[in-house]
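As stored in final28.csv (CSV, C-alpha atoms and all ligand atoms):
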```
chain,number,residue,atom,x,y,z
A,1,MET,CA,8.7,-6.0,22.0
A,2,MET,CA,8.7,-3.7,19.0
A,3,ILE,CA,7.2,-3.9,15.5
A,4,LEU,CA,9.5,-3.0,12.6
A,5,LEU,CA,7.9,-1.2,9.7
A,6,THR,CA,10.2,-1.3,6.7
A,7,GLY,CA,9.3,1.6,4.3
A,8,GLY,CA,7.6,3.0,7.4
A,9,ALA,CA,8.0,6.7,6.2
A,10,GLY,CA,6.0,6.0,3.1
A,11,TYR,CA,2.3,6.6,2.5
A,12,ILE,CA,0.8,3.4,3.9
A,13,GLY,CA,3.7,3.0,6.5
A,14,LEU,CA,2.9,6.3,8.2
A,15,HIS,CA,-0.8,5.6,8.4
A,16,THR,CA,-0.2,2.1,9.7
A,17,ALA,CA,2.3,3.4,12.3
A,18,ALA,CA,-0.3,5.9,13.6
A,19,VAL,CA,-2.9,3.1,13.9
A,20,LEU,CA,-0.4,0.6,15.6
A,21,VAL,CA,0.8,3.2,18.1
A,22,GLU,CA,-2.8,4.1,18.9
A,23,ALA,CA,-3.5,0.4,19.5
A,24,GLY,CA,-0.6,0.3,22.0
A,25,HIS,CA,2.2,-1.2,19.9
A,26,GLU,CA,5.8,0.1,20.0
A,27,VAL,CA,7.1,0.6,16.5
A,28,VAL,CA,10.4,1.3,14.9
A,29,LEU,CA,10.5,2.6,11.3
A,30,PHE,CA,13.2,1.9,8.8
A,31,ASP,CA,13.4,3.7,5.4
A,32,ASN,CA,16.0,4.9,2.9
A,33,PHE,CA,13.7,7.9,1.9
A,34,SER,CA,13.9,7.0,-1.8
A,35,ASN,CA,10.2,7.8,-2.1
A,36,SER,CA,9.4,9.6,1.2
A,37,LYS,CA,10.5,12.6,3.2
A,38,PRO,CA,11.7,12.9,6.8
A,39,ALA,CA,9.0,15.7,7.2
A,40,GLY,CA,6.4,12.9,7.3
A,41,LEU,CA,7.9,11.7,10.5
A,42,LYS,CA,7.3,15.0,12.2
A,43,ARG,CA,3.7,14.9,11.2
A,44,LEU,CA,3.4,11.4,12.6
A,45,GLU,CA,4.9,12.7,15.8
A,46,ALA,CA,2.2,15.5,15.9
A,47,ILE,CA,-0.5,12.9,15.5
A,48,ILE,CA,0.6,10.5,18.2
A,49,GLY,CA,2.1,13.0,20.6
A,50,ARG,CA,5.6,11.6,20.7
A,51,ALA,CA,8.6,10.7,18.5
A,52,VAL,CA,8.8,7.3,17.0
A,53,PRO,CA,12.3,5.9,16.3
A,54,CYS,CA,13.2,5.8,12.6
A,55,VAL,CA,16.4,4.4,11.3
A,56,GLU,CA,17.7,5.5,7.9
A,57,GLY,CA,18.9,2.4,6.0
A,58,ASP,CA,18.3,0.2,3.0
A,59,VAL,CA,16.5,-3.2,3.1
A,60,ARG,CA,19.1,-4.5,0.6
A,61,SER,CA,21.9,-4.0,3.2
A,62,ARG,CA,22.5,-6.8,5.6
A,63,GLN,CA,24.7,-4.5,7.6
A,64,ASP,CA,21.9,-2.0,8.0
A,65,LEU,CA,19.4,-4.7,8.9
A,66,ASP,CA,21.7,-6.6,11.3
A,67,GLY,CA,22.4,-3.4,13.1
A,68,LEU,CA,18.7,-2.6,13.3
A,69,PHE,CA,17.8,-6.1,14.8
A,70,ASP,CA,20.7,-5.8,17.2
A,71,GLN,CA,19.6,-2.4,18.4
A,72,TYR,CA,15.9,-2.9,18.9
A,73,PRO,CA,13.9,-5.8,20.5
A,74,ILE,CA,11.9,-6.5,17.3
A,75,GLY,CA,9.3,-9.2,17.5
A,76,ALA,CA,7.5,-8.8,14.2
A,77,VAL,CA,7.9,-7.1,10.8
A,78,VAL,CA,5.5,-5.3,8.5
A,79,HIS,CA,7.4,-5.1,5.2
A,80,PHE,CA,6.3,-2.1,3.1
A,81,ALA,CA,9.7,-1.1,1.6
A,82,GLY,CA,9.6,-1.4,-2.1
A,83,LEU,CA,9.2,0.5,-5.4
A,84,LYS,CA,5.7,0.6,-6.8
A,85,ALA,CA,5.5,2.5,-10.1
A,86,VAL,CA,4.3,0.1,-12.8
A,87,GLY,CA,5.6,2.1,-15.8
A,88,GLU,CA,9.0,2.6,-14.2
A,89,SER,CA,9.2,-1.1,-13.4
A,90,GLN,CA,8.8,-1.9,-17.1
A,91,ALA,CA,11.7,0.5,-18.0
A,92,GLN,CA,14.0,-0.5,-15.1
A,93,PRO,CA,13.3,-4.2,-14.3
A,94,LEU,CA,16.7,-4.9,-12.7
A,95,ARG,CA,16.2,-2.0,-10.3
A,96,TYR,CA,12.8,-3.3,-9.4
A,97,TYR,CA,13.8,-6.9,-8.9
A,98,ASP,CA,16.9,-5.8,-6.9
A,99,ASN,CA,14.9,-3.5,-4.6
A,100,ASN,CA,11.7,-5.5,-4.2
A,101,VAL,CA,13.0,-9.1,-4.4
A,102,GLY,CA,16.6,-8.6,-3.3
A,103,GLY,CA,15.4,-6.3,-0.4
A,104,SER,CA,12.9,-8.9,0.8
A,105,LEU,CA,15.6,-11.7,0.6
A,106,ALA,CA,18.0,-9.7,2.7
A,107,LEU,CA,15.3,-8.8,5.2
A,108,LEU,CA,14.2,-12.5,5.6
A,109,ALA,CA,17.8,-13.6,6.1
A,110,ALA,CA,18.3,-10.9,8.8
A,111,MET,CA,15.0,-12.0,10.4
A,112,GLN,CA,16.2,-15.6,10.5
A,113,ARG,CA,19.5,-14.5,12.1
A,114,ALA,CA,17.6,-12.5,14.7
A,115,GLU,CA,15.1,-15.4,15.2
A,116,VAL,CA,12.1,-13.1,14.3
A,117,ARG,CA,9.6,-15.3,12.5
A,118,ARG,CA,6.5,-13.1,12.1
A,119,ILE,CA,6.0,-11.0,9.0
A,120,VAL,CA,3.2,-9.1,7.3
A,121,PHE,CA,4.0,-8.5,3.6
A,122,SER,CA,2.7,-5.8,1.3
A,123,SER,CA,1.5,-7.6,-1.8
A,124,SER,CA,-0.8,-6.2,-4.4
A,125,ALA,CA,-3.9,-7.0,-6.4
A,126,THR,CA,-1.7,-6.3,-9.4
A,127,ILE,CA,-0.6,-10.0,-9.2
A,128,TYR,CA,-4.1,-11.1,-10.4
A,129,GLY,CA,-3.5,-9.3,-13.7
A,130,ASN,CA,-6.5,-9.5,-16.0
A,131,ALA,CA,-8.8,-11.7,-13.8
A,132,ASP,CA,-11.4,-14.0,-15.4
A,133,SER,CA,-14.2,-12.5,-13.3
A,134,ASN,CA,-15.0,-10.2,-10.4
A,135,PRO,CA,-15.0,-10.1,-7.4
A,136,ILE,CA,-11.6,-11.7,-7.2
A,137,PRO,CA,-11.0,-14.3,-4.5
A,138,GLU,CA,-7.5,-15.2,-3.2
A,139,THR,CA,-7.7,-18.5,-5.1
A,140,ALA,CA,-7.9,-16.7,-8.5
A,141,ALA,CA,-5.1,-17.3,-11.0
A,142,LEU,CA,-2.0,-15.2,-10.5
A,143,ARG,CA,-0.9,-13.6,-13.8
A,144,PRO,CA,0.8,-10.3,-13.2
A,145,ALA,CA,1.2,-8.3,-16.4
A,146,ASN,CA,4.1,-6.1,-15.4
A,147,VAL,CA,7.5,-6.2,-13.7
A,148,TYR,CA,6.2,-4.6,-10.5
A,149,GLY,CA,3.5,-7.3,-10.2
A,150,ARG,CA,6.0,-10.1,-10.9
A,151,SER,CA,8.3,-8.8,-8.2
A,152,LYS,CA,5.4,-9.0,-5.7
A,153,LEU,CA,4.5,-12.5,-6.9
A,154,MET,CA,8.1,-13.6,-6.6
A,155,VAL,CA,8.3,-12.4,-3.0
A,156,GLU,CA,5.0,-14.2,-2.2
A,157,GLU,CA,6.5,-17.4,-3.6
A,158,ILE,CA,9.7,-17.0,-1.6
A,159,LEU,CA,7.6,-16.7,1.5
A,160,ARG,CA,5.5,-19.7,0.6
A,161,ASP,CA,8.8,-21.8,0.1
A,162,LEU,CA,10.2,-20.4,3.4
A,163,HIS,CA,7.0,-21.4,5.2
A,164,ALA,CA,7.0,-24.9,3.7
A,165,ALA,CA,10.7,-25.4,4.8
A,166,ALA,CA,10.4,-23.7,8.2
A,167,PRO,CA,6.9,-24.0,9.5
A,168,GLY,CA,7.7,-22.0,12.7
A,169,TRP,CA,7.0,-18.8,10.7
A,170,SER,CA,3.8,-16.8,10.8
A,171,ILE,CA,3.3,-15.1,7.5
A,172,ALA,CA,0.5,-12.8,6.3
A,173,LEU,CA,0.5,-11.9,2.6
A,174,LEU,CA,-1.8,-8.9,2.2
A,175,ARG,CA,-3.0,-8.1,-1.3
A,176,TYR,CA,-4.0,-4.5,-1.4
A,177,PHE,CA,-6.5,-3.2,-3.9
A,178,ASN,CA,-6.4,0.6,-4.5
A,179,PRO,CA,-5.4,2.5,-1.3
A,180,VAL,CA,-6.6,6.2,-1.3
A,181,GLY,CA,-7.4,8.9,1.2
A,182,ALA,CA,-5.5,10.1,4.2
A,183,HIS,CA,-5.5,10.4,7.9
A,184,PRO,CA,-8.6,12.4,8.9
A,185,GLY,CA,-6.5,15.0,10.7
A,186,GLY,CA,-5.0,16.1,7.3
A,187,LEU,CA,-1.4,15.9,8.6
A,188,ILE,CA,-0.3,12.9,6.6
A,189,GLY,CA,-1.3,11.7,3.2
A,190,GLU,CA,-0.1,10.6,-0.2
A,191,ASP,CA,2.7,12.8,-1.6
A,192,PRO,CA,3.8,11.4,-5.0
A,193,ASN,CA,7.0,12.7,-6.6
A,194,ASP,CA,6.5,14.3,-10.0
A,195,ILE,CA,3.3,13.7,-11.9
A,196,PRO,CA,1.0,11.2,-10.0
A,197,ASN,CA,0.5,7.9,-11.7
A,198,ASN,CA,-2.6,7.1,-9.7
A,199,LEU,CA,-6.1,8.5,-10.0
A,200,MET,CA,-6.9,10.0,-6.6
A,201,PRO,CA,-3.7,12.1,-6.2
A,202,PHE,CA,-4.1,13.3,-9.7
A,203,VAL,CA,-7.7,14.4,-8.9
A,204,THR,CA,-6.6,16.2,-5.7
A,205,GLN,CA,-3.8,18.0,-7.6
A,206,VAL,CA,-6.3,19.2,-10.2
A,207,ALA,CA,-8.6,20.3,-7.4
A,208,VAL,CA,-5.9,22.3,-5.7
A,209,GLY,CA,-4.8,23.9,-9.0
A,210,ARG,CA,-1.5,22.1,-9.5
A,211,ARG,CA,-2.7,20.5,-12.8
A,212,PRO,CA,-5.2,21.8,-15.3
A,213,GLU,CA,-7.3,18.7,-16.0
A,214,LEU,CA,-7.6,15.0,-15.5
A,215,GLN,CA,-7.2,12.7,-18.4
A,216,VAL,CA,-9.6,9.8,-18.1
A,217,PHE,CA,-7.8,6.8,-19.6
A,218,GLY,CA,-10.4,5.0,-21.7
A,219,GLY,CA,-14.1,5.6,-22.1
A,220,ASP,CA,-14.9,2.4,-24.0
A,221,TYR,CA,-14.3,-0.4,-21.5
A,222,PRO,CA,-17.1,-3.0,-21.0
A,223,THR,CA,-18.2,-1.3,-17.7
A,224,PRO,CA,-21.4,0.6,-16.9
A,225,ASP,CA,-20.1,4.0,-17.9
A,226,GLY,CA,-17.2,2.9,-20.1
A,227,THR,CA,-14.4,3.9,-17.6
A,228,GLY,CA,-12.2,1.6,-15.6
A,229,VAL,CA,-13.5,0.1,-12.4
A,230,ARG,CA,-11.4,-0.4,-9.3
A,231,ASP,CA,-11.8,-1.3,-5.6
A,232,TYR,CA,-10.7,1.9,-3.8
A,233,ILE,CA,-10.0,1.4,-0.1
A,234,HIS,CA,-9.4,4.1,2.5
A,235,VAL,CA,-5.8,4.0,3.7
A,236,MET,CA,-7.1,4.1,7.3
A,237,ASP,CA,-9.1,0.9,6.7
A,238,LEU,CA,-5.9,-0.6,5.1
A,239,ALA,CA,-3.9,0.4,8.2
A,240,GLU,CA,-6.4,-1.3,10.4
A,241,GLY,CA,-6.1,-4.4,8.2
A,242,HIS,CA,-2.4,-4.4,9.1
A,243,ARG,CA,-3.2,-4.1,12.7
A,244,ALA,CA,-5.5,-7.1,12.4
A,245,ALA,CA,-2.9,-9.1,10.5
A,246,LEU,CA,-0.3,-8.3,13.0
A,247,ASP,CA,-2.5,-9.3,16.0
A,248,TRP,CA,-3.0,-12.6,14.1
A,249,ALA,CA,0.8,-13.1,13.6
A,250,LEU,CA,1.5,-12.2,17.2
A,251,ARG,CA,-0.7,-15.1,18.3
A,252,ASP,CA,1.9,-17.4,16.6
A,253,PRO,CA,-0.4,-19.3,14.3
A,254,ARG,CA,2.6,-20.6,12.4
A,255,GLU,CA,0.5,-20.4,9.3
A,256,LEU,CA,0.8,-18.6,6.0
A,257,LEU,CA,-2.3,-16.6,5.4
A,258,THR,CA,-3.1,-14.8,2.1
A,259,ALA,CA,-5.8,-12.1,2.3
A,260,ASN,CA,-7.2,-9.5,0.0
A,261,LEU,CA,-7.6,-6.1,1.5
A,262,GLY,CA,-10.4,-4.3,-0.4
A,263,THR,CA,-14.0,-3.2,0.1
A,264,GLY,CA,-15.6,-5.6,-2.3
A,265,ARG,CA,-17.1,-2.7,-4.2
A,266,GLY,CA,-16.1,-1.5,-7.7
A,267,CYS,CA,-16.1,2.2,-8.5
A,268,SER,CA,-15.5,3.7,-12.0
A,269,VAL,CA,-13.3,6.7,-12.7
A,270,LEU,CA,-16.3,8.9,-13.4
A,271,GLU,CA,-18.0,7.8,-10.2
A,272,LEU,CA,-14.9,8.7,-8.2
A,273,VAL,CA,-14.7,12.1,-10.0
A,274,ARG,CA,-18.3,12.9,-9.3
A,275,ALA,CA,-18.0,11.8,-5.6
A,276,PHE,CA,-14.9,14.0,-5.2
A,277,GLU,CA,-16.6,17.0,-6.9
A,278,GLN,CA,-19.6,16.7,-4.5
A,279,VAL,CA,-17.6,16.3,-1.4
A,280,SER,CA,-15.0,19.0,-2.2
A,281,GLY,CA,-17.3,21.5,-4.0
A,282,LYS,CA,-14.5,21.7,-6.6
A,283,ALA,CA,-15.1,21.1,-10.3
A,284,ILE,CA,-12.6,18.6,-11.8
A,285,PRO,CA,-12.1,19.4,-15.5
A,286,HIS,CA,-11.6,16.1,-17.2
A,287,ARG,CA,-11.4,14.6,-20.7
A,288,ILE,CA,-11.6,11.1,-21.9
A,289,VAL,CA,-8.5,10.0,-23.8
A,290,ALA,CA,-7.1,6.7,-25.1
A,291,ARG,CA,-6.8,3.7,-22.7
A,292,ARG,CA,-3.5,3.4,-20.8
A,293,ALA,CA,-1.4,0.5,-21.9
A,294,GLY,CA,-1.6,-2.5,-19.5
A,295,ASP,CA,-4.8,-1.3,-17.7
A,296,VAL,CA,-7.5,-3.9,-17.0
A,297,ALA,CA,-11.2,-2.9,-17.4
A,298,ALA,CA,-12.4,-3.9,-13.9
A,299,CYS,CA,-10.9,-5.3,-10.7
A,300,TRP,CA,-12.5,-5.6,-7.3
A,301,SER,CA,-12.0,-7.9,-4.4
A,302,ASP,CA,-13.8,-10.6,-2.6
A,303,PRO,CA,-12.8,-9.4,0.9
A,304,SER,CA,-14.6,-12.2,2.8
A,305,LEU,CA,-11.5,-14.2,3.8
A,306,ALA,CA,-10.0,-11.2,5.7
A,307,ARG,CA,-13.3,-10.8,7.5
A,308,GLU,CA,-13.5,-14.5,8.5
A,309,ARG,CA,-9.8,-15.0,9.4
A,310,LEU,CA,-8.7,-11.6,10.6
A,311,GLY,CA,-12.1,-10.2,11.8
A,312,TRP,CA,-11.4,-7.2,9.6
A,313,THR,CA,-13.6,-5.4,7.2
A,314,ALA,CA,-13.4,-2.0,5.5
A,315,THR,CA,-15.9,0.5,7.0
A,316,ARG,CA,-15.1,3.8,5.2
A,317,SER,CA,-17.1,5.0,2.2
A,318,LEU,CA,-16.1,6.5,-1.1
A,319,ASP,CA,-17.2,9.9,0.3
A,320,ASP,CA,-14.9,9.4,3.3
A,321,MET,CA,-12.0,8.6,1.0
A,322,CYS,CA,-12.6,11.7,-1.1
A,323,ARG,CA,-13.1,14.0,1.9
A,324,ASP,CA,-9.9,12.9,3.6
A,325,ALA,CA,-7.9,13.0,0.4
A,326,TRP,CA,-9.1,16.5,-0.2
A,327,ASN,CA,-8.6,17.6,3.4
A,328,TRP,CA,-4.9,16.5,3.1
A,329,GLN,CA,-4.3,18.1,-0.3
A,330,ARG,CA,-6.1,21.3,0.6
A,331,ASN,CA,-4.0,21.7,3.8
A,332,ASN,CA,-0.8,20.7,2.1
A,333,PRO,CA,-1.0,21.9,-1.6
A,334,GLN,CA,2.7,20.9,-2.1
A,335,GLY,CA,2.6,17.7,0.0
A,336,PHE,CA,5.2,17.5,2.7
A,337,ALA,CA,7.5,20.0,1.0
B,1,LIG,P1,5.6,4.5,-0.7
B,1,LIG,O1,6.6,4.6,-1.8
B,1,LIG,O2,4.9,5.7,-0.2
B,1,LIG,O3,6.3,3.8,0.5
B,1,LIG,C1,7.4,2.8,0.4
B,1,LIG,C2,8.5,3.3,1.3
B,1,LIG,O4,9.6,2.3,1.1
B,1,LIG,C3,9.1,4.7,0.9
B,1,LIG,O5,9.1,5.5,2.1
B,1,LIG,C4,10.5,4.4,0.4
B,1,LIG,O6,11.4,5.4,0.6
B,1,LIG,C5,10.8,3.1,1.1
B,1,LIG,N1,11.8,2.2,0.4
B,1,LIG,C6,11.8,1.8,-0.9
B,1,LIG,N2,12.8,1.1,-1.2
B,1,LIG,C7,13.5,0.9,0.0
B,1,LIG,C8,14.7,0.3,0.4
B,1,LIG,N3,15.4,-0.4,-0.5
B,1,LIG,N4,15.1,0.3,1.7
B,1,LIG,C9,14.4,1.0,2.6
B,1,LIG,N5,13.3,1.7,2.3
B,1,LIG,C10,12.8,1.7,1.0
B,1,LIG,O7,4.5,3.4,-1.1
B,1,LIG,P2,3.2,2.9,-0.4
B,1,LIG,O8,2.1,3.3,-1.2
B,1,LIG,O9,3.3,3.3,1.0
B,1,LIG,O10,3.4,1.4,-0.5
B,1,LIG,C11,3.9,0.5,0.5
B,1,LIG,C12,4.0,-0.9,0.0
B,1,LIG,O11,2.7,-1.3,-0.4
B,1,LIG,C13,4.9,-1.1,-1.2
B,1,LIG,O12,5.6,-2.3,-1.1
B,1,LIG,C14,3.9,-1.1,-2.4
B,1,LIG,O13,4.4,-1.9,-3.4
B,1,LIG,C15,2.7,-1.8,-1.7
B,1,LIG,N6,1.4,-1.5,-2.4
B,1,LIG,C16,1.1,-0.2,-2.6
B,1,LIG,C17,-0.1,0.1,-3.3
B,1,LIG,C18,-0.5,1.5,-3.5
B,1,LIG,O14,-1.3,1.8,-4.4
B,1,LIG,N7,-0.1,2.5,-2.7
B,1,LIG,C19,-0.9,-1.0,-3.7
B,1,LIG,C20,-0.5,-2.3,-3.5
B,1,LIG,C21,0.7,-2.5,-2.9
B,2,LIG,N1,-6.8,6.7,-14.3
B,2,LIG,C1,-7.2,7.7,-15.1
B,2,LIG,N2,-6.4,8.8,-15.1
B,2,LIG,C2,-5.3,9.0,-14.4
B,2,LIG,C3,-4.9,7.9,-13.5
B,2,LIG,C4,-5.7,6.8,-13.5
B,2,LIG,O1,-8.2,7.6,-15.8
B,2,LIG,O2,-4.6,10.0,-14.5
B,2,LIG,C5,-7.6,5.5,-14.2
B,2,LIG,C6,-6.9,4.2,-14.7
B,2,LIG,O3,-7.0,4.0,-16.0
B,2,LIG,C7,-7.7,3.1,-13.8
B,2,LIG,C8,-8.1,3.9,-12.6
B,2,LIG,O4,-8.0,5.3,-12.9
B,2,LIG,O5,-8.9,2.8,-14.5
B,2,LIG,C9,-7.2,3.6,-11.4
B,2,LIG,O6,-5.8,3.8,-11.8
B,2,LIG,P1,-4.6,3.8,-10.7
B,2,LIG,O7,-3.4,4.1,-11.5
B,2,LIG,O8,-4.9,4.7,-9.6
B,2,LIG,O9,-4.6,2.3,-10.2
B,2,LIG,P2,-4.4,0.9,-10.9
B,2,LIG,O10,-4.4,1.1,-12.3
B,2,LIG,O11,-3.1,0.5,-10.4
B,2,LIG,O12,-5.5,0.0,-10.4
```
Can I see the file as structure tokens?
Ligand code: NAD
Ligand code: UDP
Amino acid sequence: MMILLTGGAGYIGLHTAAVLVEAGHEVVLFDNFSNSKPAGLKRLEAIIGRAVPCVEGDVRSRQDLDGLFDQYPIGAVVHFAGLKAVGESQAQPLRYYDNNVGGSLALLAAMQRAEVRRIVFSSSATIYGNADSNPIPETAALRPANVYGRSKLMVEEILRDLHAAAPGWSIALLRYFNPVGAHPGGLIGEDPNDIPNNLMPFVTQVAVGRRPELQVFGGDYPTPDGTGVRDYIHVMDLAEGHRAALDWALRDPRELLTANLGTGRGCSVLELVRAFEQVSGKAIPHRIVARRAGDVAACWSDPSLARERLGWTATRSLDDMCRDAWNWQRNNPQGFA
């Protein structure tokens, strides 16, 4: 039996593939390379010591998906494929709904045809929007403030409706907080196209000399040092969270489980910058500028449900995240290029 990873050539997909293969799973990746490069697959091969099948195709194409399910003995799916840039989603809502919602619908229909009823879905803490308080439990109100977040919430709702109508399904909705860092070997990591939207890849690109300085978006938030607070989670911890969710789904609980994947600790922009400077020995020139539209002041998880239900908890520190992000960027100044 194989595990299908849609979007498997992307940042979280590659790390999860490495962890799943190491745990003894057979995986097949499926990706249209809209936000990833085939070079990443060669690196994965170097980490695990053998090639992993990867099919080029689009999750919106039933033809591509039906061919995939006919070709491989797939028993469960981890659904990463999607677009994730918040600003772009506001400018191109139809493209985001088509890809994220339309792609998920086509995938679920193909799974139904192939009688595969186990899925782990990449959701996001973005769906909480501006939460009333922190830490945020799974029961918090869902008020996404942008198109990207609404596309994730729509897919969650589709999966809840599917589960209510067809209780044979085992469905894990994983709400990621802020994934950062890289595989400790430095062969795979985050490789954003163009100017990074996210904090950690921007910091590592400043450190490696690709960008002159970091702009810190807002120094007047109601937080201890005035900068935004987030729950950064090491991508290897996140990958292990997927392994735990998959093991849960493979036991056929026929339940729908919603779990935060975070550390439960908030960290400010300036704290992250200081930790990175210490670990890397590189100064990160930075300047406080205006707030970024749509940002919340603070957001961190209550991760207790994942511990209780999946037996998973994040173990890596902020220093680990900075060290591994830097190791990746230092060894690959231009990413996979
Ligand atoms: P990524 O862009 O690196 O990976 C996504 C992969 O999906 C890419 O390889 C891309 O080429 C592929 N893809 C996109 N549309 C596709 C389509 N129609 N058909 C086939 N492949 C397609 O992003 P990531 O950081 O690895 O994120 C993976 C998932 O986790 C996404 O769904 C994202 O929304 C979600 N997520 C990410 C974060 C984060 O900060 N990285 C946070 C919360 C949730
Ligand atoms: N941030 C920043 N400068 C940047 C990118 C991000 O100051 O170049 C801040 C941002 O305002 C937020 C935090 O870093 O407080 C995390 O932002 P990111 O985009 O990585 O994640 P998200 O906003 O999606 O939680």
Could you list, as an MDAnalysis selection string, every residue within 10 Å of Asn327 (chain A), counting only C-alpha atoms and ignoring same-chain residues fewer than 5 positions away? chainID A and resid 181:187 189 204 280 321:322 332
Quick one: write out the picked residues with C-alpha atoms as a compact mmCIF listing (two decimals), in the frame of the given file?
```
# COMPACT_ATOMS: atom_id res chain seq x y z
CA GLY A 181 -7.40 8.90 1.20
CA ALA A 182 -5.50 10.10 4.20
CA HIS A 183 -5.50 10.40 7.90
CA PRO A 184 -8.60 12.40 8.90
CA GLY A 185 -6.50 15.00 10.70
CA GLY A 186 -5.00 16.10 7.30
CA LEU A 187 -1.40 15.90 8.60
CA GLY A 189 -1.30 11.70 3.20
CA THR A 204 -6.60 16.20 -5.70
CA SER A 280 -15.00 19.00 -2.20
CA MET A 321 -12.00 8.60 1.00
CA CYS A 322 -12.60 11.70 -1.10
CA ASN A 332 -0.80 20.70 2.10
```
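Between ligand LIG 2 (chain B) and the residues A:Ile3, A:Ala85, A:Ala91, A:Ala249, the shortest atom-to-atom distance, using only C-alpha atoms and all ligand atoms, involves A:Ala85.
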Give me, as a PyMOL selection string, all polymer residues having an atom no more than 10 Å from Gly87 (chain A), counting all atoms listed in the file and skipping those fewer than 6 positions away in the same chain. chain A and resi 146-148+197+293-294
Within 9 Å of ligand LIG 1 (chain B) (counting only C-alpha atoms and all ligand atoms), which residues show up? I'd like them as a VMD selection string. chain A and resid 6 to 15 30 to 37 56 to 61 79 to 85 98 to 100 102 to 104 121 to 126 148 to 149 152 174 to 180 190 to 192 198 235
May I have the centre and edge lengths, in Å to one decimal, of an axis-aligned box around the listed atoms of ligand LIG 2 (chain B) with 3 Å added to every side, as AutoDock Vina command-line options?
```
--center_x -6.0 --center_y 5.0 --center_z -12.8 --size_x 11.8 --size_y 16.0 --size_z 12.4
```
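The closest residue to Arg43 (chain A), picked from A:Ile188, A:Val28, A:Asp320, A:Ala23 and counting only C-alpha atoms, is A:Ile188.
Proximity ranking of A:Gly311, A:Pro333, A:Gly219, A:Pro73 relative to ligand LIG 2 (chain B) places A:Gly219 first, based on only C-alpha atoms and all ligand atoms.
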Skip region 136-138 of chain A itself and residues of its chain fewer than 2 positions away, then list as a ChimeraX atom specification all residues within 12 Å of it, counting all atoms listed in the file. /A:123-134,140-142,173-177,230-231,257-266,298-306
Do you know which residues are at most 12 Å from His286 (chain A) counting all atoms listed in the file, after dropping those on the same chain fewer than 4 positions away, and could you put them as number ranges by chain? A: 199, 202-203, 206-207, 211-217, 219, 269-270, 273-274, 277
Using only C-alpha atoms and all ligand atoms, which residue out of A:Pro201, A:Pro222, A:Gly335, A:Gly209 lies closest to ligand LIG 2 (chain B)? A:Pro201
